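Before any comments, here is the structure.
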Amino acid sequence: MMSMMRRIWLTMAIGTSFVSSLALAAGSAEAGATKSATCVACHGAGGNSTNDQWPSLAGQDAVYIKAQLKDWHDKTRLDSLNLMPAMAANLSDQDMDDLAAYFSAQTPTGLEADPSYWQAGERLYRGGDRVRNIPACMACHGPEGRGNPAAGYPTLRAQHSVYTIKQLTDYASDMRYVKDAKGDSGGGPNALIMHTIASRLTPEDMRNLASYIQGMR
């Protein structure tokens with residue numbers, strides 16, 4: 001059986017096809033600023049969300065943003081409230097490119113980590129846990145949480161801890177993406193990696209990691 005780290009490196013190696021398939025750098029940040037008017041209600045001015053239920057988008061990689069919008073548009077990604085599938089339903093590829101270009105160009109304002117938990121989160125983020133076969137998060141998301149665009153790994157820094165915990169929980173329970181006829185996740189190999197890792201995390205691990213990530217700059 002393929003080891004977790006080998007699977008991660010294999011995914012990174014084929015990441016360039018992910019980038020090219022999503023037509024990187026095709027968007028206009030100026031046009032995206034205008035089109036983002038309806039996004040502000042949940043994601044905040046300039047993509048800095050003030051509601052911890054909704055993610056901040058400021059500084060997120062453009063390729064990743066577009067990938068998520070396409071997943072919402074195609075109803076590949078699950079949403080119990082059906083908010084994002086409805087919002088993305090009428091977006092064209094150009095709309096997605098423009099919105100992605102706009103939000104990726106914004107600067108995250110940053111949040112504070114919970115002083116009770118961030119140090120444990122830092123240890124797991126940077127060092128992983130060999131006993132439980134949990135790789136360091138920074139292997140994919142980078143030492144500063146800026147992600148790896150070529151492999152489709154998102155920026156994590158300054159994200160709301162509540163939102164991060166929800167995503168880790170969804171990954172662990174395999175409830176983030178719809179499944180195909182074979183029962184495989186519609187999120188592709190990256191979703192499989194995250195499902196495997198997240199399923200090994202305890203609720204305390206998720207809390208600690210989310211706190212550390214929230215305070216990253």
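Each chain in the structure tokens gets a letter, A, B, ..., in the order shown, and its residues are numbered from 1; ligands are numbered from 1 in order too.
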Based on the backbone DSSP call, show me all residues of chain A assigned helix (DSSP H, G or I), as a VMD selection string. chain A and resid 4 to 13 15 to 21 29 to 38 40 to 43 45 to 47 62 to 73 83 to 88 93 to 104 118 to 127 138 to 141 149 to 151 161 to 172 188 to 198 203 to 214
Which residue, A:Leu57, A:Ala41, A:Leu69, A:Ala139, has the smallest gap to Ala151 (chain A) when you use only C-alpha atoms?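 Result for the nearest residue to Ala151 (chain A): A:Ala139.
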With distances taken over only C-alpha atoms, which residue among A:Met216, A:Val131, A:Val178, A:Ala172 lies nearest Leu111 (chain A)?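 Nearest candidate to Leu111 (chain A) out of A:Met216, A:Val131, A:Val178, A:Ala172: A:Met216.
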Which residues are near region 95-106 of chain A? Cut-off 8 Å, only C-alpha atoms, ignore same chain within fewer than 5 positions. Put them as a PyMOL selection string. chain A and resi 25-33+35-36+46-47+57-63+65-66+69-70
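If you measure from each of A:Ala113, A:Ala67, A:Ala210, A:Leu78 to Val162 (chain A) using only C-alpha atoms, the closest one turns out to be A:Ala210.
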Among region 63-170 of chain A, which residues carry a DSSP assignment of strand (DSSP E or B), reported as a list in words?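 Strand (DSSP E or B) members of region 63-170 of chain A, listed: Arg77, Asp129, Ile134, Asn148 and Tyr153 of chain A.
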Can those selected residues be exported to a file as a tab-separated table (two decimals), in the first residue's frame so that it contains N, CA, C and O atoms?
chain	number	residue	atom	x	y	z
A	77	ARG	N	-18.90	19.57	-4.80
A	77	ARG	CA	-18.63	19.80	-3.39
A	77	ARG	C	-19.96	19.96	-2.65
A	77	ARG	O	-20.87	20.65	-3.11
A	129	ASP	N	3.05	13.59	13.33
A	129	ASP	CA	3.06	12.59	14.40
A	129	ASP	C	3.36	11.23	13.77
A	129	ASP	O	2.49	10.61	13.17
A	134	ILE	N	0.79	10.64	10.83
A	134	ILE	CA	0.25	11.92	10.41
A	134	ILE	C	1.41	12.78	9.92
A	134	ILE	O	2.28	13.15	10.70
A	148	ASN	N	0.64	25.40	-1.88
A	148	ASN	CA	1.43	24.98	-3.04
A	148	ASN	C	0.51	25.00	-4.25
A	148	ASN	O	-0.18	24.02	-4.53
A	153	TYR	N	-2.69	22.72	-3.43
A	153	TYR	CA	-2.81	22.80	-1.98
A	153	TYR	C	-3.05	24.25	-1.57
A	153	TYR	O	-2.26	25.13	-1.91
Polymer residues at most 9 Å from Ala136 (chain A), only C-alpha atoms, same-chain spacing of 3 or more positions, as a PyMOL selection string: chain A and resi 123-129+139-140
Selected residues written out with all heavy atoms, as a JSON list (two decimals), in the first residue's frame:
[["chain", "number", "residue", "atom", "x", "y", "z"],
["A", 123, "ARG", "N", 3.30, 22.28, 16.80],
["A", 123, "ARG", "CA", 4.09, 21.05, 16.80],
["A", 123, "ARG", "C", 3.55, 20.05, 15.77],
["A", 123, "ARG", "O", 4.32, 19.42, 15.04],
["A", 123, "ARG", "CB", 4.10, 20.42, 18.19],
["A", 123, "ARG", "CG", 4.95, 21.17, 19.20],
["A", 123, "ARG", "CD", 5.17, 20.34, 20.45],
["A", 123, "ARG", "NE", 3.95, 20.11, 21.20],
["A", 123, "ARG", "CZ", 3.47, 20.93, 22.14],
["A", 123, "ARG", "NH1", 4.12, 22.04, 22.44],
["A", 123, "ARG", "NH2", 2.36, 20.62, 22.78],
["A", 124, "LEU", "N", 2.25, 19.93, 15.72],
["A", 124, "LEU", "CA", 1.65, 18.98, 14.78],
["A", 124, "LEU", "C", 1.76, 19.50, 13.34],
["A", 124, "LEU", "O", 2.04, 18.73, 12.41],
["A", 124, "LEU", "CB", 0.18, 18.74, 15.15],
["A", 124, "LEU", "CG", -0.54, 17.59, 14.44],
["A", 124, "LEU", "CD1", 0.21, 16.28, 14.61],
["A", 124, "LEU", "CD2", -1.96, 17.46, 14.96],
["A", 125, "TYR", "N", 1.55, 20.79, 13.17],
["A", 125, "TYR", "CA", 1.62, 21.38, 11.83],
["A", 125, "TYR", "C", 3.02, 21.24, 11.25],
["A", 125, "TYR", "O", 3.19, 20.88, 10.08],
["A", 125, "TYR", "CB", 1.24, 22.87, 11.90],
["A", 125, "TYR", "CG", 1.22, 23.54, 10.54],
["A", 125, "TYR", "CD1", 0.04, 23.64, 9.81],
["A", 125, "TYR", "CD2", 2.38, 24.08, 9.98],
["A", 125, "TYR", "CE1", 0.01, 24.23, 8.56],
["A", 125, "TYR", "CE2", 2.36, 24.67, 8.73],
["A", 125, "TYR", "CZ", 1.18, 24.75, 8.02],
["A", 125, "TYR", "OH", 1.16, 25.35, 6.77],
["A", 126, "ARG", "N", 4.02, 21.49, 12.06],
["A", 126, "ARG", "CA", 5.39, 21.51, 11.57],
["A", 126, "ARG", "C", 6.10, 20.15, 11.65],
["A", 126, "ARG", "O", 7.01, 19.88, 10.88],
["A", 126, "ARG", "CB", 6.20, 22.56, 12.33],
["A", 126, "ARG", "CG", 5.62, 23.96, 12.22],
["A", 126, "ARG", "CD", 6.50, 25.00, 12.90],
["A", 126, "ARG", "NE", 7.71, 25.24, 12.13],
["A", 126, "ARG", "CZ", 7.77, 26.08, 11.09],
["A", 126, "ARG", "NH1", 6.70, 26.75, 10.70],
["A", 126, "ARG", "NH2", 8.91, 26.26, 10.44],
["A", 127, "GLY", "N", 5.67, 19.32, 12.58],
["A", 127, "GLY", "CA", 6.37, 18.06, 12.78],
["A", 127, "GLY", "C", 5.57, 16.80, 12.54],
["A", 127, "GLY", "O", 6.14, 15.71, 12.44],
["A", 128, "GLY", "N", 4.24, 16.91, 12.46],
["A", 128, "GLY", "CA", 3.41, 15.73, 12.29],
["A", 128, "GLY", "C", 3.46, 14.82, 13.51],
["A", 128, "GLY", "O", 3.89, 15.22, 14.59],
["A", 129, "ASP", "N", 3.05, 13.59, 13.33],
["A", 129, "ASP", "CA", 3.06, 12.59, 14.40],
["A", 129, "ASP", "C", 3.36, 11.23, 13.77],
["A", 129, "ASP", "O", 2.49, 10.61, 13.17],
["A", 129, "ASP", "CB", 1.70, 12.56, 15.11],
["A", 129, "ASP", "CG", 1.69, 11.66, 16.33],
["A", 129, "ASP", "OD1", 2.40, 10.63, 16.32],
["A", 129, "ASP", "OD2", 0.96, 11.97, 17.29],
["A", 139, "ALA", "N", 4.31, 20.09, 4.99],
["A", 139, "ALA", "CA", 4.83, 19.37, 3.82],
["A", 139, "ALA", "C", 4.05, 19.74, 2.57],
["A", 139, "ALA", "O", 4.61, 19.77, 1.47],
["A", 139, "ALA", "CB", 4.78, 17.87, 4.06],
["A", 140, "CYS", "N", 2.77, 20.01, 2.73],
["A", 140, "CYS", "CA", 1.93, 20.41, 1.59],
["A", 140, "CYS", "C", 1.59, 21.90, 1.61],
["A", 140, "CYS", "O", 1.57, 22.55, 0.57],
["A", 140, "CYS", "CB", 0.64, 19.61, 1.58],
["A", 140, "CYS", "SG", 0.85, 17.86, 1.27]]
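The shortest atom-to-atom distance to Gln167 (chain A), with only C-alpha atoms taken into account, belongs to A:Pro55 out of A:Pro149, A:Pro115, A:Gly44, A:Pro55.
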Counting only C-alpha atoms, the residue of A:Asp93, A:Asp180, A:Glu122, A:Asp52 that sits nearest Cys137 (chain A):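 Closest residue, counting only C-alpha atoms: A:Glu122.
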Excluding region 84-87 of chain A and any residue of its chain fewer than 2 positions from it, enumerate the residues within 10 Å of it, using only C-alpha atoms, and give them as a list in words. Thr38, Cys39, Gln68, Leu69, Lys70, Asp71, Trp72, His73, Asp74, Lys75, Thr76, Arg77, Leu78, Asp79, Ser80, Leu81, Asn82, Ala89, Asn90 and Leu91 of chain A
At what distance in Å, to one decimal, does CA of His43 (chain A) lie from CA of Ser211 (chain A)? 19.5 Å
For Asp170 (chain A), the nearest of the candidates A:Met194, A:Ala158, A:Pro189, A:Arg207, counting only C-alpha atoms: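 Comparing A:Met194, A:Ala158, A:Pro189, A:Arg207 against Asp170 (chain A), the winner is A:Met194.
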